[in-house]
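**Student:** Provided below: model_17.cif, containing mmCIF, C-alpha atoms and all ligand atoms.
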data_entry
loop_
_atom_site.label_atom_id
_atom_site.label_comp_id
_atom_site.auth_asym_id
_atom_site.auth_seq_id
_atom_site.Cartn_x
_atom_site.Cartn_y
_atom_site.Cartn_z
CA MET A 1 0.00 0.00 0.00
CA PRO A 2 1.31 3.45 -0.79
CA GLU A 3 2.97 5.06 2.21
CA LEU A 4 4.27 8.57 2.82
CA PRO A 5 7.00 8.51 0.12
CA GLU A 6 4.64 7.18 -2.54
CA VAL A 7 1.84 9.63 -1.72
CA GLU A 8 4.32 12.51 -1.51
CA THR A 9 5.70 11.57 -4.93
CA VAL A 10 2.18 11.57 -6.40
CA ARG A 11 1.51 14.92 -4.75
CA ARG A 12 4.62 16.51 -6.24
CA ARG A 13 3.65 15.32 -9.72
CA LEU A 14 0.02 16.38 -9.46
CA ALA A 15 0.46 19.78 -7.85
CA PRO A 16 1.79 21.59 -10.95
CA VAL A 17 -0.92 20.24 -13.26
CA LEU A 18 -3.83 20.69 -10.82
CA GLU A 19 -3.13 23.91 -8.95
CA GLY A 20 -5.11 26.85 -10.31
CA ARG A 21 -7.28 24.57 -12.48
CA ARG A 22 -11.05 24.29 -12.36
CA LEU A 23 -12.71 20.87 -12.30
CA GLU A 24 -15.01 21.22 -15.33
CA ARG A 25 -16.51 17.77 -15.35
CA VAL A 26 -16.26 14.98 -12.79
CA GLU A 27 -17.39 11.41 -13.25
CA ILE A 28 -17.30 8.92 -10.38
CA LEU A 29 -17.92 5.41 -11.60
CA ASP A 30 -17.72 3.42 -8.36
CA GLU A 31 -20.07 3.87 -5.44
CA ARG A 32 -17.50 2.42 -3.01
CA LEU A 33 -15.26 5.41 -3.59
CA THR A 34 -17.64 7.91 -1.97
CA ARG A 35 -19.93 5.80 0.18
CA PRO A 36 -22.13 6.38 2.03
CA LEU A 37 -22.67 9.33 -0.33
CA ALA A 38 -23.93 8.78 -3.87
CA PRO A 39 -21.08 9.16 -6.38
CA ALA A 40 -23.13 11.37 -8.69
CA ALA A 41 -23.91 13.79 -5.85
CA VAL A 42 -20.23 14.08 -4.89
CA ALA A 43 -19.24 14.54 -8.55
CA ARG A 44 -21.76 17.38 -8.88
CA GLU A 45 -20.36 19.08 -5.78
CA LEU A 46 -16.82 18.85 -7.16
CA GLU A 47 -17.66 20.37 -10.52
CA GLY A 48 -16.72 24.04 -10.59
CA GLU A 49 -14.27 23.82 -7.69
CA VAL A 50 -10.89 25.50 -8.34
CA VAL A 51 -7.80 23.79 -6.94
CA ARG A 52 -5.81 26.04 -4.64
CA GLU A 53 -3.24 23.50 -3.46
CA VAL A 54 -2.46 19.80 -3.61
CA GLY A 55 -1.22 18.89 -0.14
CA ARG A 56 -0.58 15.75 1.86
CA ARG A 57 -1.18 14.66 5.46
CA GLY A 58 0.20 11.23 6.27
CA LYS A 59 -1.10 8.96 3.52
CA TYR A 60 -3.91 11.31 2.53
CA LEU A 61 -3.69 13.48 -0.56
CA VAL A 62 -5.44 16.71 0.40
CA VAL A 63 -6.77 18.63 -2.60
CA ARG A 64 -7.70 22.05 -1.21
CA PHE A 65 -10.06 24.24 -3.18
CA GLU A 66 -10.46 28.03 -3.35
CA SER A 67 -13.83 27.56 -1.64
CA GLY A 68 -12.10 26.21 1.47
CA ARG A 69 -13.42 22.72 0.92
CA ALA A 70 -10.99 19.82 0.53
CA LEU A 71 -11.08 16.47 -1.22
CA LEU A 72 -9.23 13.82 0.81
CA ILE A 73 -8.02 11.00 -1.40
CA HIS A 74 -6.72 7.84 0.27
CA LEU A 75 -5.18 5.34 -2.14
CA ARG A 76 -5.29 2.41 0.33
CA MET A 77 -4.04 -0.79 -1.34
CA THR A 78 -4.05 -0.21 -5.06
CA GLY A 79 -5.28 3.31 -5.81
CA SER A 80 -3.33 5.46 -8.27
CA LEU A 81 -3.83 8.69 -10.19
CA ARG A 82 -3.01 9.40 -13.80
CA HIS A 83 -2.80 12.76 -15.55
CA ALA A 84 -3.16 12.84 -19.34
CA PRO A 85 -3.53 15.55 -22.03
CA ALA A 86 -6.96 15.96 -23.64
CA GLY A 87 -8.28 12.77 -25.21
CA THR A 88 -5.21 10.62 -24.51
CA LEU A 89 -6.33 8.57 -21.50
CA PRO A 90 -5.87 4.89 -22.35
CA ASP A 91 -8.82 2.53 -21.75
CA ASP A 92 -8.75 1.06 -18.27
CA PRO A 93 -11.22 -1.43 -16.79
CA TYR A 94 -10.14 -0.39 -13.27
CA ARG A 95 -10.86 3.32 -13.72
CA ARG A 96 -13.11 4.53 -10.89
CA ALA A 97 -13.25 8.29 -11.50
CA VAL A 98 -12.18 10.96 -13.98
CA ALA A 99 -11.96 14.73 -13.50
CA THR A 100 -11.62 16.87 -16.62
CA LEU A 101 -9.82 20.15 -15.98
CA ASP A 102 -10.37 23.54 -17.64
CA ASP A 103 -7.34 22.94 -19.90
CA ALA A 104 -9.17 19.79 -21.16
CA SER A 105 -6.62 17.45 -19.58
CA ASP A 106 -7.86 14.57 -17.42
CA VAL A 107 -6.99 13.25 -13.99
CA ALA A 108 -8.10 9.62 -13.71
CA TYR A 109 -8.32 7.51 -10.58
CA ARG A 110 -7.65 3.78 -10.93
CA ASP A 111 -8.11 1.19 -8.21
CA VAL A 112 -8.03 -2.56 -8.80
CA ARG A 113 -9.13 -3.65 -5.33
CA ARG A 114 -11.42 -0.67 -4.64
CA PHE A 115 -10.40 0.10 -1.07
CA GLY A 116 -9.51 3.71 -1.87
CA THR A 117 -11.72 6.60 -0.77
CA TRP A 118 -12.65 10.10 -1.94
CA LEU A 119 -14.06 12.26 0.83
CA LEU A 120 -15.20 15.85 0.20
CA LEU A 121 -15.12 17.92 3.38
CA GLU A 122 -16.54 21.36 4.12
CA PRO A 123 -14.11 24.10 5.21
CA SER A 124 -15.00 23.75 8.89
CA GLU A 125 -14.48 19.95 8.85
CA VAL A 126 -11.08 19.54 7.25
CA GLU A 127 -8.63 20.20 10.08
CA ALA A 128 -10.62 18.35 12.74
CA TYR A 129 -11.01 15.32 10.51
CA LEU A 130 -7.26 15.12 9.90
CA ALA A 131 -6.26 15.96 13.47
CA ALA A 132 -8.31 13.02 14.80
CA ARG A 133 -6.61 10.54 12.49
CA VAL A 134 -3.13 11.71 11.63
CA GLY A 135 -0.23 12.55 13.97
CA ARG A 136 2.84 14.72 13.33
CA GLU A 137 4.52 14.80 9.93
CA PRO A 138 7.86 13.04 10.45
CA LEU A 139 9.73 15.08 7.83
CA GLU A 140 8.74 18.48 9.23
CA ARG A 141 11.79 20.29 10.53
CA THR A 142 10.06 20.89 13.88
CA PHE A 143 9.40 17.18 14.47
CA ARG A 144 11.94 16.10 17.07
CA ALA A 145 12.95 12.87 18.77
CA ARG A 146 11.25 14.08 21.93
CA ASP A 147 7.93 14.41 20.08
CA LEU A 148 8.26 10.76 19.14
CA ALA A 149 9.23 9.92 22.73
CA VAL A 150 6.05 11.51 24.07
CA ARG A 151 3.91 9.46 21.69
CA LEU A 152 5.64 6.20 22.61
CA ALA A 153 6.15 6.72 26.37
CA ALA A 154 3.14 4.83 27.71
CA ARG A 155 2.78 2.32 24.89
CA ARG A 156 3.05 -1.30 25.89
CA ALA A 157 2.64 -2.35 22.24
CA PRO A 158 5.62 -3.53 20.17
CA VAL A 159 7.38 -0.56 18.61
CA LYS A 160 6.46 -1.74 15.12
CA ALA A 161 2.74 -1.65 15.97
CA ALA A 162 3.16 1.72 17.67
CA ILE A 163 4.77 3.39 14.65
CA LEU A 164 2.17 1.90 12.29
CA ASP A 165 -0.46 3.77 14.32
CA GLN A 166 -0.98 6.89 12.20
CA ARG A 167 -1.53 9.01 15.31
CA THR A 168 1.98 8.24 16.59
CA VAL A 169 3.55 9.66 13.46
CA ALA A 170 1.96 10.20 10.06
CA GLY A 171 2.47 8.15 6.93
CA ILE A 172 4.42 5.06 7.99
CA GLY A 173 3.20 1.67 6.75
CA ASN A 174 4.61 -1.83 6.74
CA ILE A 175 7.52 -1.17 4.39
CA TYR A 176 8.99 1.97 5.93
CA ALA A 177 8.39 0.71 9.49
CA ASP A 178 10.71 -2.24 8.81
CA GLU A 179 13.23 -0.03 7.01
CA ALA A 180 13.25 2.54 9.84
CA LEU A 181 13.68 -0.09 12.57
CA TRP A 182 16.60 -1.67 10.71
CA ARG A 183 18.29 1.72 10.39
CA ALA A 184 17.72 2.31 14.12
CA ARG A 185 18.91 -1.23 15.03
CA ILE A 186 15.75 -1.85 17.04
CA HIS A 187 13.95 -5.20 17.13
CA PRO A 188 10.36 -4.75 15.89
CA LEU A 189 8.87 -6.52 18.93
CA THR A 190 10.54 -4.25 21.50
CA PRO A 191 7.81 -2.74 23.70
CA ALA A 192 7.60 0.92 22.67
CA ARG A 193 7.77 2.24 26.24
CA ASP A 194 11.02 0.37 26.87
CA LEU A 195 13.00 2.39 24.33
CA GLY A 196 15.74 4.47 25.92
CA ASN A 197 16.69 7.97 24.81
CA GLU A 198 19.42 6.69 22.54
CA GLU A 199 17.05 4.27 20.81
CA LEU A 200 14.42 6.98 20.47
CA ARG A 201 16.90 9.27 18.76
CA ALA A 202 17.99 6.44 16.48
CA LEU A 203 14.38 5.64 15.64
CA HIS A 204 13.58 9.28 14.88
CA ARG A 205 16.58 9.43 12.56
CA GLY A 206 15.78 6.00 11.06
CA ILE A 207 12.22 7.02 10.23
CA ARG A 208 13.33 10.21 8.51
CA ARG A 209 16.13 8.57 6.54
CA ALA A 210 13.98 5.66 5.40
CA LEU A 211 11.23 8.03 4.22
CA GLU A 212 13.68 10.40 2.53
CA ALA A 213 15.29 7.49 0.69
CA GLY A 214 11.83 6.47 -0.54
CA ILE A 215 11.05 9.98 -1.79
CA ARG A 216 14.41 10.24 -3.56
CA ARG A 217 13.58 7.05 -5.49
CA GLN A 218 10.03 8.30 -6.20
CA GLY A 219 8.51 5.59 -4.03
CA SER A 220 8.54 1.84 -4.32
CA THR A 221 6.67 -0.03 -7.01
CA LEU A 222 4.87 -3.06 -5.64
CA ARG A 223 1.50 -4.15 -7.00
CA ASP A 224 -0.22 -1.25 -8.74
CA TYR A 225 1.59 1.86 -7.59
CA ALA A 226 2.29 4.21 -10.49
CA LEU A 227 3.10 7.88 -10.88
CA PRO A 228 0.65 10.28 -12.55
CA ASP A 229 2.59 10.09 -15.83
CA GLY A 230 2.39 6.28 -15.83
CA THR A 231 6.02 5.69 -14.79
CA SER A 232 7.08 3.89 -11.58
CA GLY A 233 9.26 4.48 -8.54
CA ALA A 234 12.44 2.48 -7.91
CA MET A 235 12.77 2.25 -4.12
CA GLN A 236 11.96 -1.48 -4.13
CA THR A 237 15.48 -2.19 -5.39
CA GLU A 238 16.99 -0.46 -2.36
CA PHE A 239 15.13 -1.99 0.55
CA LYS A 240 17.43 -2.92 3.41
CA VAL A 241 15.16 -5.59 4.92
CA TYR A 242 11.59 -5.38 3.59
CA GLY A 243 10.79 -8.48 1.52
CA ARG A 244 14.42 -9.66 1.68
CA GLY A 245 14.07 -12.82 3.81
CA GLY A 246 17.20 -15.01 3.48
CA GLU A 247 19.24 -12.27 1.78
CA LEU A 248 22.22 -10.83 3.62
CA CYS A 249 22.09 -7.75 5.85
CA ASP A 250 23.95 -4.81 4.20
CA ARG A 251 25.58 -3.97 7.51
CA CYS A 252 26.66 -7.30 8.99
CA GLY A 253 26.08 -10.04 6.40
CA THR A 254 23.64 -12.02 8.54
CA PRO A 255 20.61 -13.47 6.69
CA ILE A 256 17.48 -11.33 7.07
CA GLU A 257 14.65 -13.08 8.92
CA LYS A 258 10.89 -12.77 8.67
CA ILE A 259 8.50 -12.81 11.63
CA ARG A 260 5.02 -11.46 12.31
CA ALA A 261 4.59 -8.23 14.23
CA ALA A 262 1.42 -6.17 14.54
CA GLY A 263 -0.21 -8.89 12.42
CA ARG A 264 2.05 -8.05 9.48
CA GLY A 265 4.94 -9.78 7.77
CA THR A 266 8.03 -8.17 9.29
CA TRP A 267 11.65 -8.38 8.16
CA TYR A 268 14.67 -7.62 10.35
CA CYS A 269 18.30 -8.52 10.92
CA PRO A 270 18.64 -10.86 13.92
CA ARG A 271 22.18 -9.66 14.59
CA CYS A 272 21.70 -5.87 14.25
CA GLN A 273 18.26 -5.81 15.86
CA VAL A 274 18.42 -7.75 19.11
CA LEU A 275 15.32 -8.11 21.27
CA GLY A 276 15.98 -7.18 24.89
CA ARG A 277 18.85 -4.78 24.36
CA ALA A 278 16.61 -1.73 24.60
CA THR A 279 14.69 -3.28 27.49
CA ALA A 280 17.86 -3.73 29.51
CA TYR A 281 19.01 -0.21 28.68
CA ALA A 282 15.76 1.39 29.79
CA ALA A 283 14.95 -0.89 32.74
CA SER A 284 15.98 1.59 35.38
CA SER A 285 14.01 4.50 33.96
CA SER A 286 10.82 2.91 32.64
CA SER A 287 7.66 3.49 34.62
CA ARG A 288 4.98 0.87 35.04
CA ARG A 289 2.03 3.04 34.13
CA PRO A 290 -0.66 1.21 32.19
CA SER A 291 -0.91 1.88 28.49
CA ARG A 292 -3.23 4.80 27.82
CA SER A 293 -4.67 3.32 24.70
CA ARG A 294 -4.32 0.01 22.95
CA ARG A 295 -6.37 1.00 19.97
CA GLN A 296 -4.66 0.91 16.65
CA SER A 297 -5.43 3.08 13.71
CA SER A 298 -4.06 2.24 10.31
CA VAL A 299 -5.63 4.98 8.21
ZN ZN B 1 22.72 -6.93 10.33
#
Using structure tokens, write down the structure that the file contains.

**Tutor:**
Amino acid sequence: MPELPEVETVRRRLAPVLEGRRLERVEILDERLTRPLAPAAVARELEGEVVREVGRRGKYLVVRFESGRALLIHLRMTGSLRHAPAGTLPDDPYRRAVATLDDASDVAYRDVRRFGTWLLLEPSEVEAYLAARVGREPLERTFRARDLAVRLAARRAPVKAAILDQRTVAGIGNIYADEALWRARIHPLTPARDLGNEELRALHRGIRRALEAGIRRQGSTLRDYALPDGTSGAMQTEFKVYGRGGELCDRCGTPIEKIRAAGRGTWYCPRCQVLGRATAYAASSSSRRPSRSRRQSSV
């Protein structure tokens, strides 16, 4: 599923072609995309809106209009967007929506598995909706290791599960969680609250470096991810651990192992990422307060 680097790459490609354009005609072909609202009603509301900015929060693309409304697009498993000059969109059985802009070009939404969503919010709803679901942006300059520490302090959950929770930090999914933990040399099953200051700093750095590497390679192409011009990202050739079971760790040469963590396939290096090291380090300082919340959110 597209994570922060993939969605950010899409955003950067779409912003220059969408910003300042009016949506002349919108067709939504799949009722799952807008439910519980009728697709035709949402399409009608979108027609005439002028795009002020194409933004991103976590894994949401946030298309902000001059009216103050915003269209939140979540690609989920297999959603992708394609921009094409007038009349050049190729046929596609998985097309779920098309917006024609006032320069006659088209933006098409494709989704094989149909888990993606389009949600049109009124001006007063946008920030509250996002604030309830999405934590801090990890690549913002003002996001510090201590912000991460605060979010993890009372969490009994394994650190992998904790960083997949979108309210801990925005935009991390299964791929970049594994990549960040490898960079930080932290075992994915380490209880989040047991991480010491040194581990927290390493994790903060690991998250940022893993995400930045993904953006530099224009995301990773697994399944149906594609850029708006139909090309693909190349990050999948540079994964350190994700999907590399049995291959050798770049750092120490030990074979990468696969386990399950947070219900997800999880890859790590058993020599670089030792379970218990962080626990021992933090034993003297960790409190025994109960976890504030065990709920997980994977939006
Ligand atoms: Zn290693």

**Student:** Which is closest to ligand ZN 1 (chain B) among A:Pro2, A:Gly55, A:Pro93, A:Pro270, if we use only C-alpha atoms and all ligand atoms?

**Tutor:** A:Pro270

**Student:** Pick the closest to Val274 (chain A) from A:Pro16, A:Pro188, A:Pro228, A:Gly196: which is it, counting all atoms listed in the file?

**Tutor:**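 Nearest candidate to Val274 (chain A) out of A:Pro16, A:Pro188, A:Pro228, A:Gly196: A:Pro188.
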
**Student:** Got a sec to check which residues lie within 7 Å of ligand ZN 1 (chain B), using only C-alpha atoms and all ligand atoms, and send them as a ChimeraX atom specification?

**Tutor:** /A:249-254,269-272

**Student:** Go ahead and save the residues from that selection, with C-alpha atoms, as a compact mmCIF listing (two decimals), keeping the file's coordinate frame.

**Tutor:**
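Result saved to out.txt:
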# COMPACT_ATOMS: atom_id res chain seq x y z
CA CYS A 249 22.09 -7.75 5.85
CA ASP A 250 23.95 -4.81 4.20
CA ARG A 251 25.58 -3.97 7.51
CA CYS A 252 26.66 -7.30 8.99
CA GLY A 253 26.08 -10.04 6.40
CA THR A 254 23.64 -12.02 8.54
CA CYS A 269 18.30 -8.52 10.92
CA PRO A 270 18.64 -10.86 13.92
CA ARG A 271 22.18 -9.66 14.59
CA CYS A 272 21.70 -5.87 14.25

**Student:** If we draw a sphere of 12 Å around (4.5, -11.4, 12.4), which residues have at least one atom in it when counting only C-alpha atoms? Please report them as a list in words.

**Tutor:** Pro158, Lys160, Ala161, Asn174, Asp178, Pro188, Leu189, Glu257, Lys258, Ile259, Arg260, Ala261, Ala262, Gly263, Arg264, Gly265, Thr266, Trp267 and Tyr268 of chain A

**Student:** Include C-alpha atoms and write out the residues we just selected as a short mmCIF file (atom, residue, chain, number, x, y, z; two decimals), keeping the file's coordinate frame.

**Tutor:**
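Output file result-v1.cif follows:
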data_model
loop_
_atom_site.label_atom_id
_atom_site.label_comp_id
_atom_site.auth_asym_id
_atom_site.auth_seq_id
_atom_site.Cartn_x
_atom_site.Cartn_y
_atom_site.Cartn_z
CA PRO A 158 5.62 -3.53 20.17
CA LYS A 160 6.46 -1.74 15.12
CA ALA A 161 2.74 -1.65 15.97
CA ASN A 174 4.61 -1.83 6.74
CA ASP A 178 10.71 -2.24 8.81
CA PRO A 188 10.36 -4.75 15.89
CA LEU A 189 8.87 -6.52 18.93
CA GLU A 257 14.65 -13.08 8.92
CA LYS A 258 10.89 -12.77 8.67
CA ILE A 259 8.50 -12.81 11.63
CA ARG A 260 5.02 -11.46 12.31
CA ALA A 261 4.59 -8.23 14.23
CA ALA A 262 1.42 -6.17 14.54
CA GLY A 263 -0.21 -8.89 12.42
CA ARG A 264 2.05 -8.05 9.48
CA GLY A 265 4.94 -9.78 7.77
CA THR A 266 8.03 -8.17 9.29
CA TRP A 267 11.65 -8.38 8.16
CA TYR A 268 14.67 -7.62 10.35
#

**Student:** Just to confirm, what's the straight-line distance from CA of Arg32 (chain A) to CA of Gly79 (chain A) in Å (one decimal)?

**Tutor:**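 Between these atoms lies a distance of 12.6 Å.
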
**Student:** Mind giving me the straight-line distance from CA of Arg57 (chain A) to CA of Leu4 (chain A) in Å, one decimal?

**Tutor:**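 Straight-line distance from CA of Arg57 (chain A) to CA of Leu4 (chain A) works out to 8.6 Å.
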
**Student:** Please, what distance in Å, to one decimal, runs between CA of Leu18 (chain A) and CA of Ala99 (chain A)?

**Tutor:**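 Calculated distance between CA of Leu18 (chain A) and CA of Ala99 (chain A) is 10.4 Å.
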
**Student:** Write out as JSON an axis-aligned box for region 19-23 of chain A: all of its atoms listed in the file, 8 Å added on each side, centre and edge lengths in Å with one decimal.

**Tutor:**
{"center_x": -7.9, "center_y": 23.9, "center_z": -10.7, "size_x": 25.6, "size_y": 22.0, "size_z": 19.5}
